[in-house]
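Coordinates from model_7.txt are shown below (compact mmCIF, C-alpha atoms).
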```
# COMPACT_ATOMS: atom_id res chain seq x y z
CA MET A 157 8.49 -1.44 -0.26
CA HIS A 158 6.33 -1.36 2.84
CA ILE A 159 6.43 -2.00 6.57
CA SER A 160 4.82 -5.28 7.61
CA GLU A 161 2.06 -5.54 10.18
CA GLY A 162 2.98 -6.19 13.79
CA ILE A 163 6.32 -4.42 13.85
CA LEU A 164 5.63 -0.79 14.77
CA ALA A 165 4.62 0.37 18.25
CA THR A 166 0.95 1.23 18.84
CA PRO A 167 1.40 5.01 19.50
CA LEU A 168 3.44 5.26 16.32
CA LEU A 169 0.72 3.51 14.29
CA GLY A 170 -1.83 5.99 15.67
CA GLY A 171 0.34 9.02 15.04
CA ALA A 172 1.13 7.90 11.49
CA TRP A 173 -2.59 7.32 10.84
CA ALA A 174 -3.31 10.87 12.03
CA ALA A 175 -0.59 12.29 9.75
CA ALA A 176 -1.80 10.21 6.80
CA ALA A 177 -5.40 11.32 7.42
CA ALA A 178 -4.32 14.96 7.49
CA GLY A 179 -2.42 14.52 4.21
CA LEU A 180 -5.40 12.67 2.74
CA VAL A 181 -7.87 15.44 3.65
CA TYR A 182 -5.55 18.15 2.31
CA GLY A 183 -4.89 16.17 -0.87
CA MET A 184 -8.60 15.51 -1.43
CA ARG A 185 -9.40 19.21 -0.93
CA ARG A 186 -6.97 20.00 -3.73
CA THR A 187 -8.61 17.43 -6.02
CA GLN A 188 -11.26 19.02 -8.24
CA PRO A 189 -13.84 16.72 -9.89
CA GLU A 190 -12.00 17.03 -13.22
CA ASP A 191 -8.72 15.93 -11.55
CA MET A 192 -10.22 12.71 -10.25
CA PRO A 193 -9.38 10.56 -13.31
CA ARG A 194 -5.77 11.79 -13.21
CA VAL A 195 -5.36 10.95 -9.53
CA ALA A 196 -7.11 7.60 -9.97
CA LEU A 197 -5.07 6.62 -13.03
CA CYS A 198 -1.77 7.63 -11.44
CA SER A 199 -2.73 5.58 -8.38
CA ALA A 200 -3.54 2.58 -10.59
CA ALA A 201 -0.32 3.07 -12.58
CA PHE A 202 1.65 3.13 -9.32
CA PHE A 203 -0.09 -0.10 -8.30
CA VAL A 204 0.88 -1.76 -11.59
CA VAL A 205 4.45 -0.40 -11.65
CA THR A 206 5.19 -1.78 -8.16
CA PHE A 207 4.95 -5.25 -9.69
CA VAL A 208 7.79 -4.56 -12.17
CA ARG A 209 10.78 -6.57 -11.02
CA ILE A 210 14.42 -6.04 -11.85
CA PRO A 211 16.62 -9.05 -11.07
CA LEU A 212 19.40 -8.36 -8.56
CA GLY A 213 21.45 -11.44 -7.78
CA PRO A 214 19.21 -13.96 -6.01
CA ALA A 215 16.55 -11.34 -5.18
CA HIS A 216 14.46 -8.83 -7.09
CA LEU A 217 14.13 -5.09 -6.86
CA HIS A 218 10.59 -3.79 -7.10
CA LEU A 219 10.15 -0.37 -8.63
CA ALA A 220 8.32 2.11 -6.42
CA ALA A 221 7.84 5.20 -8.64
CA THR A 222 7.03 7.41 -5.63
CA GLY A 223 9.08 10.24 -7.13
CA LEU A 224 7.19 10.07 -10.42
CA VAL A 225 3.78 9.93 -8.71
CA GLY A 226 4.80 12.88 -6.54
CA ILE A 227 5.97 14.94 -9.54
CA LEU A 228 2.69 14.28 -11.34
CA LEU A 229 0.29 14.73 -8.40
CA GLY A 230 1.84 16.91 -5.67
CA TRP A 231 -0.28 16.78 -2.49
CA ARG A 232 -2.80 14.59 -4.30
CA ALA A 233 -0.18 11.83 -3.99
CA PHE A 234 -1.55 11.24 -0.46
CA PRO A 235 -5.00 10.03 -1.59
CA ALA A 236 -3.52 8.26 -4.63
CA LEU A 237 -0.92 6.32 -2.66
CA LEU A 238 -3.24 5.60 0.27
CA VAL A 239 -5.80 4.00 -2.05
CA ALA A 240 -3.14 1.97 -3.87
CA LEU A 241 -1.63 0.77 -0.58
CA LEU A 242 -5.08 -0.04 0.83
CA LEU A 243 -5.85 -2.19 -2.20
CA GLN A 244 -2.46 -3.91 -1.97
CA ALA A 245 -3.18 -4.69 1.68
CA VAL A 246 -6.68 -6.01 0.97
CA LEU A 247 -5.91 -7.94 -2.22
CA PHE A 248 -2.40 -9.24 -1.59
CA GLN A 249 -1.77 -8.78 2.15
CA PHE A 250 1.19 -6.47 1.46
CA GLY A 251 1.33 -4.28 4.56
CA GLY A 252 -2.04 -4.13 6.30
CA LEU A 253 -4.81 -2.01 7.74
CA ALA A 254 -3.17 -1.04 11.03
CA VAL A 255 0.12 -0.08 9.38
CA LEU A 256 -1.57 1.58 6.38
CA GLY A 257 -1.19 5.06 7.88
CA ALA A 258 2.52 4.51 8.46
CA ASN A 259 3.04 3.10 4.97
CA THR A 260 1.16 6.03 3.46
CA VAL A 261 3.40 8.51 5.30
CA VAL A 262 6.49 6.52 4.24
CA MET A 263 5.47 6.69 0.57
CA ALA A 264 3.55 9.96 0.22
CA LEU A 265 5.54 12.46 2.27
CA PRO A 266 8.68 12.10 0.09
CA ALA A 267 6.40 12.14 -2.97
CA VAL A 268 5.09 15.58 -1.97
CA GLY A 269 8.68 16.68 -1.37
CA ALA A 270 9.55 15.37 -4.83
CA TYR A 271 6.87 17.60 -6.34
CA TYR A 272 8.27 20.79 -4.80
CA LEU A 273 11.89 19.86 -5.57
CA TYR A 274 11.02 19.06 -9.17
CA ARG A 275 9.24 22.42 -9.60
CA ARG A 276 12.28 24.18 -8.21
CA TRP A 277 14.82 22.32 -10.33
CA SER A 278 12.97 21.99 -13.61
CA ARG A 279 12.92 25.65 -14.74
CA SER A 280 14.55 24.81 -18.03
CA ALA A 281 13.60 23.87 -21.56
CA ASP A 282 16.63 21.62 -21.98
CA PRO A 283 15.48 17.96 -21.89
CA ARG A 284 18.81 16.86 -20.42
CA ARG A 285 18.50 19.24 -17.47
CA ILE A 286 14.92 18.09 -16.93
CA ALA A 287 16.13 14.49 -16.92
CA VAL A 288 18.88 15.25 -14.40
CA ALA A 289 16.42 17.12 -12.15
CA ALA A 290 13.90 14.27 -12.34
CA GLY A 291 16.61 11.67 -11.70
CA ALA A 292 17.81 13.48 -8.60
CA VAL A 293 14.23 13.90 -7.39
CA GLY A 294 13.43 10.22 -8.03
CA ALA A 295 16.51 9.04 -6.12
CA LEU A 296 15.84 11.48 -3.27
CA ALA A 297 12.20 10.36 -3.02
CA ILE A 298 13.27 6.74 -2.47
CA THR A 299 15.91 7.92 -0.02
CA GLY A 300 13.15 9.77 1.84
CA ASN A 301 10.90 6.69 1.82
CA VAL A 302 13.65 4.53 3.26
CA LEU A 303 14.74 7.09 5.86
CA ILE A 304 11.19 7.49 7.19
CA MET A 305 10.86 3.70 7.28
CA ALA A 306 14.12 3.37 9.24
CA ALA A 307 13.03 6.20 11.57
CA PHE A 308 9.75 4.41 12.30
CA LEU A 309 11.67 1.24 13.16
CA LEU A 310 14.05 3.09 15.46
CA LEU A 311 11.22 5.00 17.15
CA THR A 312 9.51 1.68 17.90
CA ASP A 313 12.52 0.14 19.62
CA ARG A 314 16.22 0.98 19.71
CA ALA A 315 16.88 -2.75 19.28
CA PHE A 316 15.62 -2.45 15.69
CA ALA A 317 18.87 -0.64 14.76
CA VAL A 318 20.20 -3.60 12.76
CA PRO A 319 17.00 -4.15 10.72
CA ALA A 320 16.79 -0.38 10.15
CA LEU A 321 20.37 -0.34 8.87
CA GLY A 322 19.59 -3.40 6.75
CA VAL A 323 16.61 -1.63 5.20
CA LEU A 324 18.81 1.36 4.35
CA LEU A 325 21.58 -0.72 2.77
CA PHE A 326 19.19 -3.03 0.92
CA HIS A 327 17.55 -0.05 -0.77
CA VAL A 328 20.72 1.67 -1.97
CA PRO A 329 20.52 -0.10 -5.37
CA LEU A 330 16.86 0.90 -5.61
CA MET A 331 17.77 4.57 -5.05
CA LEU A 332 20.04 4.43 -8.09
CA VAL A 333 17.57 2.43 -10.18
CA GLU A 334 14.69 4.75 -9.29
CA GLY A 335 16.84 7.76 -10.14
CA VAL A 336 17.55 6.41 -13.62
CA VAL A 337 13.96 5.24 -14.18
CA THR A 338 12.47 8.58 -13.06
CA ALA A 339 14.97 10.52 -15.19
CA LEU A 340 14.21 8.54 -18.35
CA ALA A 341 10.45 8.38 -17.76
CA VAL A 342 10.16 12.13 -17.12
CA ALA A 343 12.43 12.92 -20.06
CA PHE A 344 10.13 10.79 -22.20
CA LEU A 345 7.01 12.58 -20.91
CA PHE A 346 8.76 15.93 -21.42
CA LYS A 347 9.55 15.02 -25.01
CA VAL A 348 6.07 13.86 -26.00
CA ARG A 349 3.63 15.80 -23.76
CA ARG A 350 5.37 18.37 -21.60
CA ASP A 351 2.00 19.93 -20.74
CA LEU A 352 1.23 16.87 -18.61
CA LEU A 353 4.16 17.63 -16.29
CA PRO A 354 3.78 20.35 -13.63
CA ASN A 355 4.55 23.85 -14.83
CA PRO A 356 7.26 25.34 -12.58
CA GLU A 357 5.94 28.86 -13.27
CA GLY A 358 2.29 28.02 -12.52
CA PRO A 359 0.53 27.91 -9.13
CA PRO A 360 1.46 24.88 -7.00
CA MET B 744 -25.19 -9.21 -7.40
CA ASN B 745 -24.28 -10.46 -3.95
CA ALA B 746 -23.59 -14.15 -3.80
CA ARG B 747 -25.15 -15.23 -0.50
CA GLY B 748 -24.94 -18.91 0.16
CA ARG B 749 -24.56 -20.92 3.36
CA ASP B 750 -20.91 -19.99 3.68
CA PRO B 751 -20.75 -17.75 6.77
CA LEU B 752 -18.33 -15.35 5.08
CA GLN B 753 -20.11 -15.12 1.74
CA SER B 754 -23.43 -14.46 3.44
CA MET B 755 -21.96 -11.63 5.47
CA ASP B 756 -22.95 -8.05 4.71
CA PRO B 757 -19.94 -6.15 3.32
CA ARG B 758 -20.44 -3.53 6.02
CA ALA B 759 -20.21 -6.17 8.72
CA ARG B 760 -17.03 -7.49 7.11
CA VAL B 761 -15.40 -4.07 7.07
CA ILE B 762 -16.41 -3.46 10.70
CA CYS B 763 -15.10 -6.89 11.76
CA ALA B 764 -11.79 -6.51 9.89
CA ALA B 765 -11.20 -2.97 11.13
CA GLY B 766 -12.32 -3.86 14.66
CA LEU B 767 -10.10 -6.93 14.90
CA CYS B 768 -7.16 -4.94 13.51
CA LEU B 769 -7.79 -2.23 16.11
CA VAL B 770 -7.95 -4.82 18.90
CA ALA B 771 -4.74 -6.51 17.73
CA ALA B 772 -2.94 -3.20 17.27
CA LEU B 773 -3.96 -1.89 20.70
CA ALA B 774 -3.07 -5.04 22.66
CA GLN B 775 0.03 -4.53 24.78
CA ALA B 776 0.47 -8.03 26.26
CA PRO B 777 1.07 -11.18 24.16
CA VAL B 778 -1.86 -13.03 25.72
CA SER B 779 -4.37 -10.32 24.80
CA VAL B 780 -3.47 -10.62 21.11
CA VAL B 781 -4.60 -14.26 21.14
CA PRO B 782 -8.37 -13.58 20.76
CA ALA B 783 -7.64 -11.35 17.75
CA LEU B 784 -5.50 -14.12 16.26
CA LEU B 785 -7.91 -16.98 16.97
CA THR B 786 -11.06 -15.25 15.73
CA PRO B 787 -10.07 -14.93 12.04
CA LEU B 788 -8.52 -18.41 12.20
CA VAL B 789 -11.74 -20.01 13.50
CA VAL B 790 -13.92 -17.99 11.12
CA GLY B 791 -11.67 -18.94 8.22
CA LEU B 792 -11.75 -22.64 9.12
CA SER B 793 -15.52 -22.68 9.54
CA ALA B 794 -15.96 -20.89 6.21
CA ARG B 795 -13.51 -23.30 4.52
CA PHE B 796 -11.31 -20.39 3.58
CA PRO B 797 -8.62 -21.61 1.14
CA PHE B 798 -5.70 -21.16 3.53
CA GLN B 799 -3.22 -22.43 0.93
CA ARG B 800 -3.76 -19.08 -0.76
CA LEU B 801 -2.10 -17.48 2.26
CA LEU B 802 0.87 -19.86 2.26
CA TRP B 803 3.19 -17.50 0.45
CA THR B 804 2.00 -14.49 2.47
CA GLY B 805 2.55 -16.39 5.70
CA LEU B 806 6.02 -17.57 4.68
CA ARG B 807 7.02 -14.07 3.61
CA LEU B 808 5.69 -12.45 6.77
CA ASN B 809 7.14 -14.97 9.21
CA GLY B 810 10.41 -15.23 7.29
CA LEU B 811 10.75 -11.48 7.72
CA PHE B 812 9.96 -11.84 11.43
CA ALA B 813 12.64 -14.55 11.74
CA LEU B 814 15.17 -12.19 10.15
CA MET B 815 14.05 -9.36 12.42
CA ALA B 816 14.28 -11.63 15.47
CA LEU B 817 17.81 -12.81 14.61
CA SER B 818 19.05 -9.27 14.09
CA THR B 819 17.24 -7.83 17.12
CA LEU B 820 17.33 -10.38 19.95
CA PRO B 821 21.03 -9.95 20.90
CA PHE B 822 20.56 -6.20 21.35
CA VAL B 823 17.62 -5.99 23.75
CA PRO B 824 18.86 -5.22 27.28
CA GLY B 825 17.25 -6.76 30.36
CA PRO B 826 17.28 -9.89 32.52
CA THR B 827 18.74 -12.85 30.65
CA TRP B 828 16.57 -15.79 29.63
CA GLN B 829 19.22 -17.97 28.04
CA THR B 830 22.74 -17.60 26.69
CA PHE B 831 23.86 -18.96 23.32
CA GLY B 832 27.65 -18.62 23.20
CA PRO B 833 28.43 -14.89 23.24
CA ILE B 834 24.78 -13.97 22.65
CA SER B 835 22.33 -13.67 25.51
CA VAL B 836 18.60 -13.56 24.83
CA THR B 837 16.63 -11.48 27.32
CA TYR B 838 13.00 -11.62 28.50
CA PRO B 839 12.16 -8.16 27.06
CA GLY B 840 13.67 -9.34 23.77
CA LEU B 841 11.49 -12.45 23.74
CA SER B 842 8.41 -10.37 24.49
CA LEU B 843 9.28 -7.88 21.71
CA VAL B 844 9.66 -10.66 19.12
CA GLY B 845 6.65 -12.60 20.42
CA MET B 846 4.40 -9.56 20.18
CA MET B 847 5.65 -8.88 16.65
CA VAL B 848 4.86 -12.41 15.46
CA LEU B 849 1.44 -12.61 17.19
CA LYS B 850 0.31 -9.15 16.14
CA GLY B 851 1.60 -9.45 12.59
CA ASN B 852 -0.17 -12.75 11.97
CA ALA B 853 -3.38 -11.60 13.68
CA LEU B 854 -3.54 -8.39 11.66
CA VAL B 855 -2.78 -10.01 8.32
CA LEU B 856 -5.23 -12.87 8.95
CA SER B 857 -8.08 -10.54 9.93
CA CYS B 858 -7.64 -8.51 6.79
CA ALA B 859 -7.26 -11.60 4.57
CA ILE B 860 -10.22 -13.56 5.94
CA PHE B 861 -12.76 -10.74 6.08
CA LEU B 862 -11.71 -8.48 3.20
CA SER B 863 -9.74 -10.40 0.55
CA THR B 864 -12.67 -12.80 0.04
CA MET B 865 -14.91 -9.92 -1.03
CA GLU B 866 -15.22 -8.34 -4.47
CA SER B 867 -13.39 -5.03 -4.21
CA PRO B 868 -16.34 -2.92 -5.53
CA ASN B 869 -18.33 -4.23 -2.55
CA LEU B 870 -15.63 -2.79 -0.31
CA GLY B 871 -16.29 0.61 -1.88
CA HIS B 872 -20.04 0.32 -1.37
CA ALA B 873 -19.57 -0.77 2.22
CA LEU B 874 -17.24 2.14 2.95
CA ALA B 875 -19.66 4.61 1.35
CA ARG B 876 -22.53 3.36 3.51
CA LEU B 877 -20.38 3.42 6.62
CA GLY B 878 -19.95 7.17 6.22
CA VAL B 879 -16.60 7.39 4.41
CA PRO B 880 -16.70 10.60 2.28
CA ALA B 881 -18.19 9.93 -1.15
CA LYS B 882 -15.28 11.63 -2.90
CA PHE B 883 -12.81 9.18 -1.43
CA VAL B 884 -15.01 6.21 -2.30
CA ALA B 885 -15.36 7.52 -5.86
CA LEU B 886 -11.57 7.71 -6.09
CA MET B 887 -11.21 4.18 -4.75
CA MET B 888 -13.79 2.77 -7.16
CA SER B 889 -12.02 4.45 -10.10
CA VAL B 890 -8.66 3.03 -9.00
CA ILE B 891 -10.15 -0.49 -8.74
CA ARG B 892 -11.49 -0.08 -12.26
CA TYR B 893 -8.29 1.33 -13.74
CA ILE B 894 -5.97 -1.22 -12.15
CA ASP B 895 -7.59 -3.82 -14.42
CA VAL B 896 -7.31 -1.55 -17.45
CA LEU B 897 -3.67 -0.71 -16.80
CA GLN B 898 -2.72 -4.27 -15.94
CA GLU B 899 -4.05 -5.28 -19.33
CA GLU B 900 -2.16 -2.41 -20.93
CA HIS B 901 1.02 -3.39 -19.08
CA GLY B 902 0.50 -7.02 -20.05
CA ARG B 903 0.35 -6.05 -23.72
CA MET B 904 3.54 -4.01 -23.35
CA ARG B 905 5.32 -6.91 -21.64
CA LEU B 906 4.16 -9.33 -24.32
CA ALA B 907 5.47 -6.97 -27.01
CA MET B 908 8.79 -6.76 -25.20
CA ARG B 909 9.06 -10.52 -24.88
CA ALA B 910 8.13 -10.99 -28.52
CA ARG B 911 11.16 -8.86 -29.34
CA GLY B 912 13.43 -11.06 -27.24
CA PHE B 913 13.66 -8.89 -24.11
CA ARG B 914 14.90 -10.72 -21.01
CA PRO B 915 15.23 -8.67 -17.80
CA ARG B 916 18.74 -8.68 -16.35
CA LEU B 917 20.65 -6.26 -14.20
CA ASN B 918 22.05 -4.12 -16.97
CA TRP B 919 21.60 -0.73 -18.59
CA LEU B 920 19.31 -2.06 -21.33
CA THR B 921 16.87 -3.57 -18.80
CA LEU B 922 16.85 -0.34 -16.82
CA GLN B 923 16.29 1.77 -19.91
CA THR B 924 13.55 -0.53 -21.20
CA HIS B 925 11.73 -0.55 -17.86
CA ALA B 926 12.10 3.22 -17.52
CA LEU B 927 10.58 3.82 -20.94
CA GLY B 928 7.91 1.25 -20.13
CA VAL B 929 7.05 3.14 -16.94
CA GLY B 930 7.07 6.41 -18.88
CA ALA B 931 4.78 4.94 -21.54
CA LEU B 932 2.43 3.48 -18.93
CA PHE B 933 2.12 6.83 -17.15
CA LEU B 934 1.72 8.66 -20.48
CA ARG B 935 -1.13 6.36 -21.46
CA SER B 936 -2.66 6.76 -18.00
CA LEU B 937 -2.48 10.55 -18.12
CA GLU B 938 -3.90 10.69 -21.63
CA ARG B 939 -6.67 8.31 -20.64
CA ALA B 940 -7.37 10.55 -17.64
CA GLU B 941 -7.75 13.53 -19.98
CA ARG B 942 -10.21 11.64 -22.16
CA VAL B 943 -12.17 10.37 -19.16
CA ALA B 944 -12.30 13.83 -17.56
CA ALA B 945 -13.53 15.35 -20.83
CA ALA B 946 -16.13 12.64 -21.34
CA MET B 947 -17.38 12.97 -17.77
CA LYS B 948 -17.58 16.75 -18.06
CA CYS B 949 -19.68 16.39 -21.21
CA ARG B 950 -22.11 14.25 -19.26
CA GLY B 951 -22.38 16.69 -16.37
CA HIS B 952 -20.47 14.46 -13.94
CA GLN B 953 -19.86 15.99 -10.52
CA GLY B 954 -17.08 13.63 -9.45
CA LEU B 955 -19.29 11.24 -7.47
CA TYR B 956 -20.88 7.91 -8.28
CA LEU B 957 -24.32 6.68 -7.43
CA ALA B 958 -24.29 3.49 -5.41
CA THR B 959 -25.77 0.83 -7.62
CA ARG B 960 -25.82 -2.10 -5.23
CA THR B 961 -28.27 -2.59 -2.42
CA LEU B 962 -26.89 -4.16 0.73
CA HIS B 963 -29.05 -6.08 3.16
CA TRP B 964 -28.17 -6.06 6.84
CA ARG B 965 -29.43 -9.26 8.44
CA ARG B 966 -29.67 -10.56 11.94
CA ARG B 967 -26.59 -12.70 11.47
CA ASP B 968 -24.61 -9.55 10.62
CA THR B 969 -25.57 -8.16 14.01
CA ALA B 970 -24.37 -11.48 15.48
CA TRP B 971 -21.00 -10.89 13.83
CA ILE B 972 -20.74 -7.49 15.48
CA MET B 973 -21.62 -9.11 18.82
CA LEU B 974 -18.73 -11.54 18.23
CA LEU B 975 -16.43 -8.60 17.61
CA VAL B 976 -17.62 -6.94 20.83
CA ALA B 977 -16.96 -10.19 22.70
CA VAL B 978 -13.43 -10.42 21.28
CA THR B 979 -12.78 -6.82 22.25
CA ALA B 980 -14.08 -7.45 25.75
CA GLY B 981 -11.86 -10.54 25.96
CA MET B 982 -8.85 -8.52 24.95
CA LEU B 983 -9.61 -5.80 27.50
CA TRP B 984 -10.13 -8.38 30.23
CA LEU B 985 -6.86 -10.19 29.42
CA GLU B 986 -5.09 -6.85 29.30
CA TRP B 987 -6.29 -5.52 32.66
CA LYS B 988 -7.20 -8.55 34.72
CA PRO B 989 -5.45 -8.48 38.11
```
Structure rendered as structure tokens:
Amino acid sequence: MHISEGILATPLLGGAWAAAAAGLVYGMRRTQPEDMPRVALCSAAFFVVTFVRIPLGPAHLHLAATGLVGILLGWRAFPALLVALLLQAVLFQFGGLAVLGANTVVMALPAVGAYYLYRRWSRSADPRRIAVAAGAVGALAITGNVLIMAAFLLLTDRAFAVPALGVLLFHVPLMLVEGVVTALAVAFLFKVRRDLLPNPEGPP
Amino acid sequence: MNARGRDPLQSMDPRARVICAAGLCLVAALAQAPVSVVPALLTPLVVGLSARFPFQRLLWTGLRLNGLFALMALSTLPFVPGPTWQTFGPISVTYPGLSLVGMMVLKGNALVLSCAIFLSTMESPNLGHALARLGVPAKFVALMMSVIRYIDVLQEEHGRMRLAMRARGFRPRLNWLTLQTHALGVGALFLRSLERAERVAAAMKCRGHQGLYLATRTLHWRRRDTAWIMLLVAVTAGMLWLEWKP
């Protein structure tokens, strides 16, 4: 899930780059040397997971896992996702350099939101409630990704209303799939190593 | 370490490549008239042809990108107001609409080509070294280098998991079992990643690691790298001239 090169208006590309850079600096400030492997491995895991395909009729859905990355990294999702998207642009020409800022904002802003929502909703020791909270957060994160993407299209030109609507509708199945995947994945992590998930009582 | 043959791309300093790719992308992104995108589109094309870049590798990328543009054009053209160019039944295509779609296609292809020709032909660790020497903060470069390293590790890990799934007769379909299997696969992949991160962090701490890497490769800036930058300056000047000529 990314915006292709050439579509967005120049001022928007610049503004998104500025926002992504701000998020990157803030996220890097919150990354201590001992956190680096965690951020790097989550970034690499995101990179790998985006290649998982679920067949849907004639097309495929690609998992995005932005909710999960957000839950695990918080603000550090900005550097993690920016690096993963940069490598996807360089290695596979998915997205590109000019639109990298916009794609980072599309992916990372809802991921940070997912972190705070998950902390708020996960104050429970009941695995089922954790799963429901994570599922809602995962679905909302994708919804956020898609809404920002559609907003970028509309801000570029009103005539992009139909593609923007298409993007929204096309991703409805992914919202559901991501919800289920995030719920089950977080429930699994909660069962085996709950100390790896953020502690809702601890400092953010 | 650095393979430097006669190939103009392979013999290019990684720093010059990053500057050329970023510069061409900036030029293409800033251009506001279709004609001023042309230099940014032609430069990577000519460089790629002269370096015998395997363009068939970009076939799928090009089809995907321009297929998307075709879809965007079909769903956008009827809705752009302005003076009419031509009418197809109930749909009238306007000049502003044509310019919107034309810019999208030119810019998209120019940007993707610049990145593909100058950056995708380079080993990704070299990209890290180039960025570090161009003044990108060392912490960010360290993160990028780790990600490059771990993508390989995790892809192998994921490959083993997929093989194990296939050995047990798993075929992905759109059903609950597929979803559940993928979800647990994602969970397991992240669990292994997080546990590996703990081990790596502990091992690095033991060795007094400060979170940065020492650059191990030496890069050599040559005269021809300066020539590349001159080419970039010329392209930029061309774009500016096309943009503002009377």
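Considering the residues B:Ala771, B:Val943, B:Ala816, B:Leu922 and counting all atoms listed in the file, Val333 in chain A has its shortest atom-to-atom contact with B:Leu922.
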Chain A contacts to chain B at 6 Å (all atoms listed in the file) as an mmCIF file with C-alpha atoms, in the coordinates of the input:
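Resulting contents of selection.cif:
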```
data_model
loop_
_atom_site.group_PDB
_atom_site.id
_atom_site.type_symbol
_atom_site.label_atom_id
_atom_site.label_comp_id
_atom_site.auth_asym_id
_atom_site.auth_seq_id
_atom_site.Cartn_x
_atom_site.Cartn_y
_atom_site.Cartn_z
ATOM 1 C CA GLU A 161 2.060 -5.540 10.180
ATOM 2 C CA GLY A 162 2.980 -6.190 13.790
ATOM 3 C CA ILE A 163 6.320 -4.420 13.850
ATOM 4 C CA PRO A 189 -13.840 16.720 -9.890
ATOM 5 C CA GLU A 190 -12.000 17.030 -13.220
ATOM 6 C CA PRO A 193 -9.380 10.560 -13.310
ATOM 7 C CA ARG A 194 -5.770 11.790 -13.210
ATOM 8 C CA ALA A 196 -7.110 7.600 -9.970
ATOM 9 C CA LEU A 197 -5.070 6.620 -13.030
ATOM 10 C CA ALA A 200 -3.540 2.580 -10.590
ATOM 11 C CA PRO A 211 16.620 -9.050 -11.070
ATOM 12 C CA VAL A 246 -6.680 -6.010 0.970
ATOM 13 C CA LEU A 247 -5.910 -7.940 -2.220
ATOM 14 C CA ALA A 315 16.880 -2.750 19.280
ATOM 15 C CA PHE A 316 15.620 -2.450 15.690
ATOM 16 C CA VAL A 318 20.200 -3.600 12.760
ATOM 17 C CA VAL A 337 13.960 5.240 -14.180
ATOM 18 C CA LEU A 340 14.210 8.540 -18.350
ATOM 19 C CA ALA A 341 10.450 8.380 -17.760
#
```
Non-local contacts of range 264-271 of chain A (9 Å; only C-alpha atoms; under 4 positions in same chain excluded) as number ranges by chain: A: 176, 179, 222-238, 259-260, 275-276, 290, 293-294, 296-301, 304, 354
The distance between CA of Met982 in chain B and CA of Val790 in chain B is 17.5 Å
Interatomic distance (Å, one decimal) between CA of Leu303 in chain A and CA of Met263 in chain A: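 Rounded to one decimal, the two atoms are 10.7 Å apart.
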At what distance in Å, to one decimal, does CA of Gly981 in chain B lie from CA of Pro782 in chain B?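 These atoms are spaced 7.0 Å apart.
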If we count only C-alpha atoms, what is near Arg795 in chain B at a cut-off of 10 Å, once residues fewer than 3 positions away on the same chain are taken out, given as a PDB file with C-alpha atoms, in the coordinates of the input?
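File part_31.pdb, as written:
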```pdb
ATOM      1  CA  ASP B 750     -20.910 -19.990   3.680  1.00  0.00           C
ATOM      2  CA  PRO B 751     -20.750 -17.750   6.770  1.00  0.00           C
ATOM      3  CA  LEU B 752     -18.330 -15.350   5.080  1.00  0.00           C
ATOM      4  CA  VAL B 789     -11.740 -20.010  13.500  1.00  0.00           C
ATOM      5  CA  VAL B 790     -13.920 -17.990  11.120  1.00  0.00           C
ATOM      6  CA  GLY B 791     -11.670 -18.940   8.220  1.00  0.00           C
ATOM      7  CA  LEU B 792     -11.750 -22.640   9.120  1.00  0.00           C
ATOM      8  CA  PHE B 798      -5.700 -21.160   3.530  1.00  0.00           C
TER       9      PHE B 798
END
```
Nearest-residue call for Ala794 in chain B, choices B:Leu841, B:Met755, B:Ala907, B:Val780, using only C-alpha atoms: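 Looking at the shortest contact to Ala794 in chain B, the residue is B:Met755.
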Determine the axis-aligned bounding box of all atoms of range 275-290 of chain A present in the file, pad each side by 3 Å, and express its centre and edge lengths in Å to one decimal place as JSON.
```
{"center_x": 14.1, "center_y": 20.0, "center_z": -15.1, "size_x": 15.6, "size_y": 17.4, "size_z": 19.8}
```
Would you pick out the contacts of Met973 in chain B at 12 Å or less, using only C-alpha atoms, so that residues sharing its chain but fewer than 6 positions from it are not included, and give the list as a list in words?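 So the residues in contact are Ala759, Ile762, Cys763, Gly766, Arg966, Arg967, Thr979 and Ala980 of chain B.
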Could you list as a ChimeraX atom specification every residue that has an atom within 12 Å of (12.3, 3.7, 16.9), using the file's coordinates and counting all atoms listed in the file? /A:163-169,303-320
